[in-house]
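Just work-v6.txt here, compact mmCIF, C-alpha atoms and all ligand atoms:
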```txt
# COMPACT_ATOMS: atom_id res chain seq x y z
CA MET V 1 32.95 -22.43 17.83
CA VAL V 2 31.09 -19.13 17.54
CA MET V 3 33.24 -16.37 18.97
CA ASN V 4 31.58 -13.91 21.26
CA LYS V 5 31.68 -10.71 19.24
CA ASN V 6 33.58 -7.83 20.71
CA PHE V 7 31.85 -4.55 19.92
CA GLU V 8 34.73 -2.39 21.22
CA GLU V 9 35.30 -0.66 17.86
CA ASN V 10 31.77 -0.36 16.65
CA LEU V 11 28.49 -1.12 18.32
CA PRO V 12 25.83 -1.64 15.63
CA TYR V 13 22.23 -0.55 16.25
CA GLY V 14 21.05 -4.07 15.55
CA ARG V 15 22.65 -7.39 14.78
CA GLN V 16 21.81 -11.05 14.20
CA CYS V 17 22.49 -13.65 16.86
CA VAL V 18 23.68 -16.87 15.16
CA ASN V 19 24.89 -19.91 17.15
CA GLU V 20 26.25 -23.42 16.47
CA ASP V 21 22.75 -24.91 16.30
CA ASP V 22 21.84 -22.47 13.53
CA ILE V 23 25.00 -23.34 11.62
CA ASP V 24 24.40 -27.09 12.03
CA ALA V 25 20.82 -26.69 10.80
CA VAL V 26 22.01 -24.93 7.64
CA VAL V 27 24.80 -27.45 7.01
CA ARG V 28 22.33 -30.34 7.35
CA VAL V 29 20.23 -28.82 4.56
CA LEU V 30 23.28 -28.36 2.32
CA LYS V 31 24.13 -32.05 2.73
CA GLY V 32 20.56 -33.17 2.07
CA ASP V 33 18.25 -33.57 -0.92
CA TRP V 34 16.19 -30.38 -0.85
CA LEU V 35 17.64 -26.90 -1.27
CA THR V 36 14.28 -25.34 -2.03
CA MET V 37 10.59 -26.35 -2.08
CA GLY V 38 11.16 -29.25 0.31
CA PRO V 39 9.78 -30.23 3.72
CA GLY V 40 11.72 -27.55 5.64
CA VAL V 41 9.51 -24.76 4.30
CA GLU V 42 6.33 -26.21 5.74
CA ALA V 43 8.10 -27.18 8.95
CA PHE V 44 9.21 -23.58 9.52
CA GLU V 45 5.77 -22.24 8.60
CA ARG V 46 4.12 -24.70 11.03
CA SER V 47 6.44 -23.72 13.90
CA PHE V 48 5.96 -20.03 13.16
CA ALA V 49 2.15 -20.31 13.02
CA ASP V 50 2.15 -22.26 16.29
CA TYR V 51 4.35 -19.68 17.97
CA VAL V 52 2.18 -16.75 16.90
CA GLY V 53 -1.04 -18.67 17.57
CA VAL V 54 -2.64 -18.68 14.10
CA PRO V 55 -3.56 -21.62 11.85
CA HIS V 56 -1.57 -20.37 8.83
CA ALA V 57 1.83 -18.86 8.13
CA VAL V 58 3.18 -18.45 4.59
CA SER V 59 6.89 -17.75 4.08
CA PHE V 60 8.35 -15.27 1.58
CA SER V 61 11.76 -14.30 0.24
CA SER V 62 11.63 -11.01 2.18
CA GLY V 63 9.39 -8.98 4.44
CA THR V 64 8.74 -6.72 1.47
CA ALA V 65 7.60 -9.67 -0.67
CA ALA V 66 5.31 -10.69 2.21
CA LEU V 67 3.79 -7.19 2.24
CA HIS V 68 3.38 -7.18 -1.55
CA ALA V 69 1.60 -10.54 -1.42
CA ALA V 70 -0.66 -9.46 1.45
CA MET V 71 -1.69 -6.29 -0.42
CA HIS V 72 -2.42 -8.30 -3.57
CA VAL V 73 -4.41 -10.94 -1.75
CA ALA V 74 -6.36 -8.26 0.11
CA GLY V 75 -7.49 -7.10 -3.32
CA VAL V 76 -5.50 -3.90 -3.81
CA ARG V 77 -5.64 -2.98 -7.50
CA ALA V 78 -5.33 0.16 -9.64
CA GLY V 79 -7.60 2.90 -8.33
CA ASP V 80 -7.65 1.64 -4.72
CA ALA V 81 -6.29 3.36 -1.64
CA VAL V 82 -4.24 1.94 1.24
CA VAL V 83 -3.97 3.76 4.57
CA VAL V 84 -0.43 3.70 6.01
CA PRO V 85 1.52 5.65 8.64
CA PRO V 86 4.31 7.92 7.39
CA LEU V 87 6.60 6.73 10.20
CA THR V 88 7.71 3.42 8.68
CA PHE V 89 10.13 1.85 6.27
CA ALA V 90 9.18 2.71 2.68
CA ALA V 91 8.34 -0.96 1.95
CA THR V 92 5.00 -0.66 3.79
CA SER V 93 3.61 1.88 1.36
CA ASN V 94 5.68 0.66 -1.62
CA SER V 95 3.82 -2.64 -1.44
CA ALA V 96 0.51 -0.84 -2.01
CA ILE V 97 1.98 0.93 -5.04
CA TYR V 98 3.27 -2.40 -6.48
CA CYS V 99 -0.40 -3.41 -6.72
CA GLY V 100 -1.47 -0.16 -8.36
CA GLY V 101 -2.81 1.28 -5.10
CA GLU V 102 -2.27 4.75 -3.77
CA PRO V 103 -0.90 5.23 -0.23
CA LEU V 104 -2.94 7.54 2.01
CA PHE V 105 -0.86 8.64 4.96
CA ALA V 106 -2.41 8.89 8.42
CA ASP V 107 -0.39 10.53 11.19
CA ILE V 108 0.99 8.62 14.17
CA SER V 109 -0.12 8.98 17.78
CA PRO V 110 2.66 10.43 19.97
CA GLU V 111 1.60 8.04 22.76
CA THR V 112 2.32 4.88 20.77
CA LEU V 113 4.33 6.06 17.73
CA CYS V 114 1.98 3.79 15.73
CA MET V 115 -0.67 5.06 13.29
CA SER V 116 -3.42 6.93 15.10
CA PRO V 117 -6.82 5.22 14.68
CA ASP V 118 -8.46 8.67 14.60
CA ALA V 119 -6.16 9.84 11.83
CA ALA V 120 -6.77 6.60 9.93
CA GLU V 121 -10.53 7.04 10.27
CA LYS V 122 -10.25 10.57 8.91
CA ALA V 123 -8.08 9.42 5.99
CA CYS V 124 -10.66 6.74 5.13
CA ALA V 125 -13.57 9.19 5.37
CA GLU V 126 -11.82 11.72 3.14
CA SER V 127 -10.60 9.22 0.54
CA THR V 128 -11.98 9.66 -2.97
CA LYS V 129 -10.90 6.09 -3.78
CA PRO V 130 -12.10 2.86 -2.17
CA VAL V 131 -9.90 2.01 0.82
CA LYS V 132 -8.95 -1.65 0.36
CA VAL V 133 -6.39 -1.98 3.14
CA ILE V 134 -5.59 -0.32 6.44
CA ALA V 135 -1.94 -1.07 7.21
CA PRO V 136 -0.87 -0.18 10.75
CA VAL V 137 2.80 -0.67 11.69
CA SER V 138 3.68 -1.93 15.17
CA PHE V 139 6.47 0.61 15.34
CA ALA V 140 9.66 -0.36 17.21
CA GLY V 141 7.83 -3.41 18.62
CA TYR V 142 4.97 -1.52 20.28
CA PRO V 143 1.83 -3.56 19.48
CA ALA V 144 -0.53 -1.42 17.40
CA ASP V 145 -4.15 -1.27 18.64
CA ILE V 146 -5.68 -3.55 16.00
CA GLU V 147 -9.01 -3.57 17.86
CA ALA V 148 -9.43 0.14 17.12
CA PHE V 149 -8.62 -0.33 13.42
CA LYS V 150 -11.11 -3.20 13.11
CA LYS V 151 -14.08 -0.87 13.58
CA ILE V 152 -12.81 1.46 10.84
CA ALA V 153 -12.05 -1.47 8.54
CA GLU V 154 -15.59 -2.81 8.98
CA THR V 155 -17.13 0.54 8.06
CA HIS V 156 -15.12 0.67 4.83
CA SER V 157 -15.06 -3.09 4.07
CA ALA V 158 -11.27 -2.87 4.21
CA THR V 159 -8.75 -5.57 5.15
CA ILE V 160 -6.24 -5.00 7.94
CA VAL V 161 -2.66 -5.83 6.94
CA GLU V 162 -0.45 -5.21 9.95
CA ASP V 163 3.23 -4.63 9.21
CA ALA V 164 4.77 -6.35 12.24
CA SER V 165 8.31 -6.38 10.87
CA HIS V 166 9.34 -4.83 14.21
CA ALA V 167 7.06 -6.80 16.45
CA LEU V 168 7.64 -10.56 16.43
CA GLY V 169 7.04 -11.72 20.01
CA ALA V 170 5.07 -8.62 21.01
CA HIS V 171 1.59 -9.03 22.51
CA ARG V 172 -1.51 -7.12 23.54
CA GLY V 173 -2.97 -8.79 26.59
CA ALA V 174 -3.06 -12.51 25.89
CA LEU V 175 -2.89 -12.05 22.12
CA LYS V 176 0.40 -12.19 20.26
CA VAL V 177 0.94 -9.76 17.42
CA GLY V 178 -0.16 -11.71 14.35
CA VAL V 179 -3.46 -12.97 15.75
CA GLU V 180 -5.70 -9.92 15.49
CA ALA V 181 -5.16 -8.45 12.01
CA ASP V 182 -6.53 -10.17 8.89
CA MET V 183 -2.95 -10.64 7.74
CA THR V 184 0.23 -9.79 9.64
CA THR V 185 3.60 -9.54 7.94
CA PHE V 186 7.04 -10.15 9.46
CA SER V 187 10.62 -9.67 8.28
CA PHE V 188 13.65 -11.86 8.92
CA HIS V 189 16.29 -9.31 7.95
CA PRO V 190 19.36 -9.68 10.23
CA VAL V 191 18.43 -6.72 12.45
CA LYS V 192 14.96 -8.14 13.17
CA HIS V 193 13.98 -10.54 16.01
CA ILE V 194 14.94 -13.69 14.12
CA THR V 195 16.80 -13.92 10.83
CA THR V 196 16.92 -16.05 7.69
CA ALA V 197 19.37 -13.51 6.11
CA GLU V 198 16.55 -12.31 3.84
CA GLY V 199 13.03 -13.55 4.44
CA GLY V 200 9.52 -12.81 5.59
CA MET V 201 6.22 -14.34 6.63
CA VAL V 202 2.51 -13.62 6.54
CA ALA V 203 0.45 -14.92 9.46
CA THR V 204 -3.31 -15.28 9.00
CA ARG V 205 -6.34 -17.06 10.41
CA SER V 206 -7.92 -17.27 6.95
CA PRO V 207 -7.39 -20.47 4.92
CA GLU V 208 -8.48 -18.52 1.77
CA PHE V 209 -5.84 -15.84 2.30
CA ALA V 210 -3.22 -18.53 3.01
CA GLU V 211 -3.98 -20.36 -0.23
CA SER V 212 -3.90 -17.17 -2.29
CA LEU V 213 -0.64 -16.10 -0.64
CA LYS V 214 0.98 -19.41 -1.61
CA ARG V 215 -0.19 -19.09 -5.20
CA PHE V 216 1.07 -15.50 -5.48
CA ARG V 217 4.44 -16.64 -4.07
CA SER V 218 4.84 -19.18 -6.87
CA HIS V 219 3.97 -17.45 -10.18
CA GLY V 220 0.20 -17.69 -9.73
CA ILE V 221 0.38 -21.35 -10.79
CA VAL V 222 -2.00 -24.03 -9.48
CA LYS V 223 -1.48 -27.82 -9.65
CA ASP V 224 -4.48 -29.25 -7.80
CA PRO V 225 -7.23 -30.31 -10.28
CA GLY V 226 -9.78 -28.56 -8.05
CA ASP V 227 -8.04 -25.20 -8.46
CA PHE V 228 -8.07 -25.25 -12.27
CA VAL V 229 -10.10 -22.70 -14.22
CA ARG V 230 -9.82 -24.50 -17.56
CA PRO V 231 -10.29 -28.30 -17.77
CA TYR V 232 -7.62 -30.37 -16.03
CA ASP V 233 -5.68 -32.52 -18.47
CA GLY V 234 -3.67 -34.96 -16.35
CA PRO V 235 -0.99 -35.33 -13.68
CA TRP V 236 1.54 -33.27 -15.72
CA ASP V 237 -0.80 -30.33 -15.95
CA ASN V 238 -0.51 -26.99 -14.21
CA ASP V 239 -2.29 -23.72 -14.83
CA MET V 240 -1.14 -20.17 -14.27
CA ILE V 241 -4.43 -18.55 -13.30
CA GLU V 242 -3.08 -15.13 -12.33
CA LEU V 243 0.18 -13.18 -12.45
CA GLY V 244 2.38 -14.14 -9.51
CA TYR V 245 6.07 -13.96 -8.62
CA ASN V 246 8.88 -16.17 -7.42
CA TYR V 247 8.89 -15.03 -3.81
CA ARG V 248 9.82 -18.39 -2.26
CA LEU V 249 12.11 -18.82 0.74
CA SER V 250 14.79 -21.53 0.35
CA GLU V 251 15.18 -24.65 2.51
CA ILE V 252 18.48 -23.21 3.75
CA ALA V 253 16.76 -20.04 4.96
CA CYS V 254 13.84 -21.97 6.47
CA ALA V 255 16.19 -24.25 8.43
CA LEU V 256 17.95 -21.19 9.81
CA GLY V 257 14.62 -19.57 10.62
CA GLU V 258 13.29 -22.62 12.41
CA SER V 259 16.46 -22.92 14.46
CA GLN V 260 16.35 -19.20 15.31
CA LEU V 261 12.68 -19.39 16.28
CA ARG V 262 13.57 -21.88 19.05
CA ARG V 263 15.31 -18.98 20.82
CA ILE V 264 12.67 -16.29 20.22
CA GLU V 265 11.65 -16.00 23.87
CA ARG V 266 15.25 -15.40 24.88
CA PHE V 267 15.72 -12.85 22.10
CA VAL V 268 12.63 -10.91 23.16
CA SER V 269 13.44 -11.01 26.88
CA LYS V 270 17.02 -9.86 26.23
CA ARG V 271 15.67 -6.93 24.21
CA ARG V 272 13.26 -6.05 27.02
CA GLU V 273 16.12 -6.22 29.54
CA ILE V 274 18.24 -3.84 27.48
CA ALA V 275 15.27 -1.48 27.09
CA SER V 276 14.68 -1.42 30.85
CA LEU V 277 18.39 -0.78 31.47
CA TYR V 278 18.18 2.21 29.12
CA ARG V 279 15.03 3.42 30.90
CA GLU V 280 16.64 3.13 34.30
CA LYS V 281 19.82 4.92 33.26
CA LEU V 282 18.18 7.63 31.14
CA SER V 283 15.07 8.37 33.21
CA HIS V 284 16.61 11.46 34.81
CA SER V 285 18.37 12.83 31.74
CA ASP V 286 17.16 16.26 30.76
CA GLY V 287 16.63 16.59 27.06
CA VAL V 288 16.00 12.88 26.41
CA VAL V 289 12.48 11.63 25.69
CA LEU V 290 12.15 7.86 26.09
CA PRO V 291 10.03 5.77 23.72
CA PRO V 292 6.53 4.68 24.89
CA ASP V 293 6.48 1.50 26.95
CA HIS V 294 3.92 -1.33 26.84
CA PRO V 295 3.87 -4.64 28.74
CA GLY V 296 3.89 -6.51 25.42
CA HIS V 297 6.55 -4.40 23.68
CA SER V 298 9.18 -6.52 21.90
CA TYR V 299 11.73 -3.72 21.35
CA HIS V 300 13.07 -4.12 17.84
CA LEU V 301 14.21 -0.50 18.31
CA PHE V 302 14.86 1.83 21.21
CA PRO V 303 14.17 5.23 19.63
CA ILE V 304 14.80 8.18 21.95
CA CYS V 305 14.11 11.81 21.07
CA VAL V 306 16.36 14.80 21.68
CA ALA V 307 15.68 18.44 20.81
CA PRO V 308 15.58 18.63 16.99
CA SER V 309 18.22 21.40 17.14
CA ASP V 310 20.57 18.97 18.98
CA ARG V 311 19.91 15.87 16.91
CA LYS V 312 22.65 16.31 14.33
CA ARG V 313 25.34 17.07 16.90
CA VAL V 314 24.32 14.21 19.20
CA PHE V 315 24.04 11.77 16.30
CA GLU V 316 27.45 12.72 14.86
CA ARG V 317 29.17 12.52 18.25
CA LEU V 318 27.68 9.10 18.96
CA ARG V 319 28.81 7.84 15.56
CA ALA V 320 32.28 9.31 16.14
CA ASN V 321 32.38 7.29 19.38
CA GLY V 322 31.63 4.04 17.57
CA ILE V 323 27.96 3.92 18.55
CA GLY V 324 26.00 2.77 15.49
CA VAL V 325 22.94 4.95 15.92
CA GLN V 326 20.31 5.31 13.18
CA VAL V 327 17.21 7.35 12.48
CA HIS V 328 13.90 5.46 12.12
CA TYR V 329 12.45 7.04 10.09
CA ILE V 330 12.37 9.98 7.74
CA PRO V 331 8.61 10.29 7.04
CA VAL V 332 7.98 8.26 3.90
CA TYR V 333 6.38 11.16 1.99
CA ARG V 334 9.69 13.06 2.28
CA HIS V 335 11.50 10.62 -0.01
CA THR V 336 12.02 12.07 -3.48
CA TYR V 337 9.92 9.42 -5.22
CA TYR V 338 6.99 10.05 -2.90
CA ALA V 339 7.37 13.83 -2.97
CA ARG V 340 7.15 13.64 -6.77
CA THR V 341 4.39 11.07 -6.99
CA TYR V 342 2.23 11.73 -3.93
CA PRO V 343 3.15 15.24 -2.71
CA GLN V 344 2.06 15.89 0.87
CA ALA V 345 1.89 18.94 3.10
CA ALA V 346 4.10 18.06 6.07
CA GLU V 347 1.78 20.12 8.33
CA LYS V 348 -0.79 17.35 7.94
CA TYR V 349 1.48 15.04 9.95
CA PRO V 350 2.71 17.05 12.95
CA ASN V 351 3.33 14.01 15.16
CA ALA V 352 5.42 12.14 12.59
CA GLU V 353 7.29 15.37 11.80
CA ASN V 354 8.02 16.11 15.48
CA PHE V 355 9.17 12.63 16.28
CA SER V 356 11.23 12.23 13.13
CA ALA V 357 13.04 15.54 13.65
CA GLY V 358 14.44 14.53 17.04
CA THR V 359 14.70 10.77 17.05
CA ILE V 360 17.82 8.63 17.38
CA SER V 361 17.66 4.81 17.61
CA LEU V 362 20.10 3.53 20.23
CA PRO V 363 21.72 0.10 19.73
CA ILE V 364 19.57 -2.82 20.91
CA PHE V 365 20.09 -6.52 20.14
CA PRO V 366 20.24 -9.74 22.21
CA ASP V 367 24.05 -10.04 22.38
CA MET V 368 24.54 -6.56 23.85
CA SER V 369 25.99 -6.63 27.35
CA GLY V 370 25.23 -4.42 30.33
CA SER V 371 28.56 -2.69 29.78
CA ASP V 372 27.64 -2.02 26.14
CA VAL V 373 24.53 -0.26 27.46
CA ASP V 374 26.66 1.74 29.93
CA ARG V 375 28.94 2.76 27.09
CA VAL V 376 26.02 4.00 24.99
CA VAL V 377 24.56 5.93 27.93
CA LEU V 378 27.92 7.54 28.75
CA ALA V 379 28.51 8.49 25.11
CA LEU V 380 24.99 9.92 24.92
CA MET V 381 25.52 12.03 28.05
CA GLU V 382 28.75 13.41 26.56
CA ALA V 383 27.11 14.01 23.21
CA LEU V 384 24.27 15.97 24.84
CA GLU V 385 26.69 18.45 26.43
CA LYS V 386 26.76 21.66 24.43
C1 LIG G 401 12.35 -4.52 7.74
C2 LIG G 401 11.06 -3.90 7.39
C3 LIG G 401 10.35 -4.20 6.23
C4 LIG G 401 10.89 -4.99 5.07
O1 LIG G 401 11.49 -6.14 5.37
P1 LIG G 401 12.60 -6.79 4.40
O2 LIG G 401 12.64 -8.18 4.95
O3 LIG G 401 13.85 -6.04 4.59
O4 LIG G 401 12.09 -6.75 3.01
C5 LIG G 401 9.09 -3.67 6.06
N1 LIG G 401 8.56 -2.83 6.96
C6 LIG G 401 9.22 -2.48 8.07
C7 LIG G 401 8.58 -1.54 9.04
C8 LIG G 401 10.50 -2.98 8.31
O5 LIG G 401 11.17 -2.60 9.41
```
Exercise: express the given structure as structure tokens:
Amino acid sequence: MVMNKNFEENLPYGRQCVNEDDIDAVVRVLKGDWLTMGPGVEAFERSFADYVGVPHAVSFSSGTAALHAAMHVAGVRAGDAVVVPPLTFAATSNSAIYCGGEPLFADISPETLCMSPDAAEKACAESTKPVKVIAPVSFAGYPADIEAFKKIAETHSATIVEDASHALGAHRGALKVGVEADMTTFSFHPVKHITTAEGGMVATRSPEFAESLKRFRSHGIVKDPGDFVRPYDGPWDNDMIELGYNYRLSEIACALGESQLRRIERFVSKRREIASLYREKLSHSDGVVLPPDHPGHSYHLFPICVAPSDRKRVFERLRANGIGVQVHYIPVYRHTYYARTYPQAAEKYPNAENFSAGTISLPIFPDMSGSDVDRVVLALMEALEK
């Protein structure tokens, strides 16, 4: 039996939701023939692609590996530029650097907290290097306006790689996140919408991208005679035609992922319910700015803003009360590695700076109860008092 967790002591900001079906699915794999590279990988990829509404989904050992592969397959090489928002997890821009690319930061829009298409257009126009990829992030689960980025990408012959690590289950109109961009990456870290412990996925409509993604995931090796560059020698033969990695996701992880995916609609609707409870209870609170809403938001995070001068006090008081708040994110260019390698003037990114200075992510995950929400709201009200 899976015990209902009691979050009395400590309420995390995010947490996996694992049930008996998930456990059974994993145990079945452990008792079977295939621990990796078996039929469960394709089964999970098929279910995932069907859910998102694309013909192809390629699994990876992490969301970061998925991003690395997408950047490689999009053609990012030494001397290229990749446009990314500064308000994201470092992995988005790191993946460009893995390929030899240089990240070009484009500020966020305060209305969406996602990369501003205008700022991205400006970054592309000013770039001295060819822009190979534009990489919007659907921040917190708010679906980024891919339509707007498409026009810019066309002008610069760039590929759109959307980092949708926050946005599984989100949609813009009738289109799920994952359908519009050339490639869309997802993460299955335990705080994300579904988990495989570690894991990731790239969704794409392109059969060429899908094939290249699979090759990159497995050392750059091909086995089909038709894919050989040199002459094919016989059924034992294989050819490493480019440098790839071992970025495969195990059968165990895929079984967990497929079982989790069966409950995705419930996970997303629970997150939306918690978000609307927060909205209802915080709408009249002075000094609290609520995150932007959207009908297709899938609420990986619920990032509020307080006055930057209050943030530290409020954050520390919430933590002292057992509320596992976090900050998403420190602008990427502020990390020491980035400051040394790609120094930026913070004044170029006023929206990311403003948001980042005051934001606090409140707990949000499917197993949170209404009384957990009440507890967070009460603790926040107390923490806001001077
Ligand atoms: C979680 C996350 C990633 C990386 O995913 P991992 O599976 O942890 O490697 C990348 N980008 C964003 C925005 C994320 O939130």
Show me which residues sit within 10 Å of ligand LIG 401 (chain G) when counting only C-alpha atoms and all ligand atoms, and put them as a PDB file with C-alpha atoms, keeping the file's coordinate frame.
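That gives us pocket.pdb:
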```
ATOM      1  CA  PHE V  60       8.350 -15.270   1.580  1.00  0.00           C
ATOM      2  CA  SER V  61      11.760 -14.300   0.240  1.00  0.00           C
ATOM      3  CA  SER V  62      11.630 -11.010   2.180  1.00  0.00           C
ATOM      4  CA  GLY V  63       9.390  -8.980   4.440  1.00  0.00           C
ATOM      5  CA  THR V  64       8.740  -6.720   1.470  1.00  0.00           C
ATOM      6  CA  ALA V  65       7.600  -9.670  -0.670  1.00  0.00           C
ATOM      7  CA  ALA V  66       5.310 -10.690   2.210  1.00  0.00           C
ATOM      8  CA  LEU V  67       3.790  -7.190   2.240  1.00  0.00           C
ATOM      9  CA  HIS V  68       3.380  -7.180  -1.550  1.00  0.00           C
ATOM     10  CA  LEU V  87       6.600   6.730  10.200  1.00  0.00           C
ATOM     11  CA  THR V  88       7.710   3.420   8.680  1.00  0.00           C
ATOM     12  CA  PHE V  89      10.130   1.850   6.270  1.00  0.00           C
ATOM     13  CA  ALA V  90       9.180   2.710   2.680  1.00  0.00           C
ATOM     14  CA  ALA V  91       8.340  -0.960   1.950  1.00  0.00           C
ATOM     15  CA  THR V  92       5.000  -0.660   3.790  1.00  0.00           C
ATOM     16  CA  SER V  93       3.610   1.880   1.360  1.00  0.00           C
ATOM     17  CA  ASN V  94       5.680   0.660  -1.620  1.00  0.00           C
ATOM     18  CA  SER V  95       3.820  -2.640  -1.440  1.00  0.00           C
ATOM     19  CA  PRO V 136      -0.870  -0.180  10.750  1.00  0.00           C
ATOM     20  CA  VAL V 137       2.800  -0.670  11.690  1.00  0.00           C
ATOM     21  CA  SER V 138       3.680  -1.930  15.170  1.00  0.00           C
ATOM     22  CA  PHE V 139       6.470   0.610  15.340  1.00  0.00           C
ATOM     23  CA  ALA V 140       9.660  -0.360  17.210  1.00  0.00           C
ATOM     24  CA  GLY V 141       7.830  -3.410  18.620  1.00  0.00           C
ATOM     25  CA  GLU V 162      -0.450  -5.210   9.950  1.00  0.00           C
ATOM     26  CA  ASP V 163       3.230  -4.630   9.210  1.00  0.00           C
ATOM     27  CA  ALA V 164       4.770  -6.350  12.240  1.00  0.00           C
ATOM     28  CA  SER V 165       8.310  -6.380  10.870  1.00  0.00           C
ATOM     29  CA  HIS V 166       9.340  -4.830  14.210  1.00  0.00           C
ATOM     30  CA  ALA V 167       7.060  -6.800  16.450  1.00  0.00           C
ATOM     31  CA  THR V 185       3.600  -9.540   7.940  1.00  0.00           C
ATOM     32  CA  PHE V 186       7.040 -10.150   9.460  1.00  0.00           C
ATOM     33  CA  SER V 187      10.620  -9.670   8.280  1.00  0.00           C
ATOM     34  CA  PHE V 188      13.650 -11.860   8.920  1.00  0.00           C
ATOM     35  CA  HIS V 189      16.290  -9.310   7.950  1.00  0.00           C
ATOM     36  CA  PRO V 190      19.360  -9.680  10.230  1.00  0.00           C
ATOM     37  CA  VAL V 191      18.430  -6.720  12.450  1.00  0.00           C
ATOM     38  CA  LYS V 192      14.960  -8.140  13.170  1.00  0.00           C
ATOM     39  CA  THR V 195      16.800 -13.920  10.830  1.00  0.00           C
ATOM     40  CA  THR V 196      16.920 -16.050   7.690  1.00  0.00           C
ATOM     41  CA  ALA V 197      19.370 -13.510   6.110  1.00  0.00           C
ATOM     42  CA  GLU V 198      16.550 -12.310   3.840  1.00  0.00           C
ATOM     43  CA  GLY V 199      13.030 -13.550   4.440  1.00  0.00           C
ATOM     44  CA  GLY V 200       9.520 -12.810   5.590  1.00  0.00           C
ATOM     45  CA  MET V 201       6.220 -14.340   6.630  1.00  0.00           C
ATOM     46  CA  HIS V 300      13.070  -4.120  17.840  1.00  0.00           C
ATOM     47  CA  LEU V 301      14.210  -0.500  18.310  1.00  0.00           C
ATOM     48  CA  HIS V 328      13.900   5.460  12.120  1.00  0.00           C
ATOM     49  CA  TYR V 329      12.450   7.040  10.090  1.00  0.00           C
TER      50      TYR V 329
END
```
So that all listed atoms of range 200-219 of chain V fit with 6 Å spare on each side, what axis-aligned box centre and edge lengths in Å, to one decimal, would you give as AutoDock Vina command-line options?
```
--center_x 0.5 --center_y -16.6 --center_z 0.1 --size_x 30.0 --size_y 19.7 --size_z 32.6
```
Please determine, counting all atoms listed in the file, which residue among V:Val373, V:Val41, V:His335, V:Gln326 has the shortest atom-to-atom distance to Lys312 in chain V.
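Of V:Val373, V:Val41, V:His335, V:Gln326, the one nearest Lys312 in chain V is V:Gln326, counting all atoms listed in the file.
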Kindly indicate which residue among V:Ser309, V:Ser369, V:Thr184, V:Thr336 lies nearest to Ala70 in chain V, using only C-alpha atoms for the distances.
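Ranked by minimum distance to Ala70 in chain V, first place goes to V:Thr184.
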Taking (0.0, -11.3, -11.6) in the file's own coordinates, collect the residues within 8 Å, counting all atoms listed in the file, and hand them back as a tab-separated table (two decimals) with C-alpha atoms, in the coordinates of the input.
```tsv
chain	number	residue	atom	x	y	z
V	216	PHE	CA	1.07	-15.50	-5.48
V	219	HIS	CA	3.97	-17.45	-10.18
V	220	GLY	CA	0.20	-17.69	-9.73
V	242	GLU	CA	-3.08	-15.13	-12.33
V	243	LEU	CA	0.18	-13.18	-12.45
V	244	GLY	CA	2.38	-14.14	-9.51
V	245	TYR	CA	6.07	-13.96	-8.62
```
Using only C-alpha atoms, can you tell me which of V:Ala383, V:Pro12, V:Leu104, V:Arg172 comes closest to Gly287 in chain V?
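Ranked by minimum distance to Gly287 in chain V, first place goes to V:Ala383.
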Have a look at CA of Ala275 in chain V and CA of Phe365 in chain V and let me know their distance in Å, one decimal.
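Answer for the CA of Ala275 in chain V to CA of Phe365 in chain V separation: 9.8 Å.
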Rank V:Val289, V:Val325, V:Val27, V:Ile194 by their smallest atom-to-atom distance to Arg263 in chain V, using all atoms listed in the file, and report the top residue only.
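Of the candidates, the smallest distance to Arg263 in chain V is held by V:Ile194.
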What's the separation between CA of Ala357 in chain V and CA of Ile330 in chain V, in Å to one decimal place?
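Distance between the two atoms: 8.1 Å.
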If I put a ball of radius 12 Å at (18.9, 14.3, 33.0) in the file's coordinates, which residues poke into it when counting all atoms listed in the file, written as an MDAnalysis selection string?
chainID V and resid 279:290 306 377 380:382 384:385
Ranking V:Leu113, V:Gly257, V:Arg266, V:Arg46 by minimum distance to Ile23 in chain V and counting only C-alpha atoms, which one comes first?
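For Ile23 in chain V, the nearest of the given residues is V:Gly257.
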Would you mind listing what lies within 8 Å of Val76 in chain V as a list in words, with only C-alpha atoms counted and same-chain residues fewer than 4 positions away left out?
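Everything that qualifies: Met71, His72, Asp80, Ala81, Val82, Ala96, Cys99, Gly100, Gly101, Lys132 and Val133 of chain V.
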Extract, using all atoms listed in the file, all DNA, RNA and protein residues at most 8 Å from range 343-351 of chain V, discarding same-chain residues fewer than 2 positions from it, and format them as a list of chain:residue names.
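The residues that qualify are V:Ala106, V:Asp107, V:Ile108, V:Ser109, V:Pro110, V:Tyr333, V:Tyr338, V:Ala339, V:Arg340, V:Thr341, V:Glu353, V:Asn354, V:Phe355.
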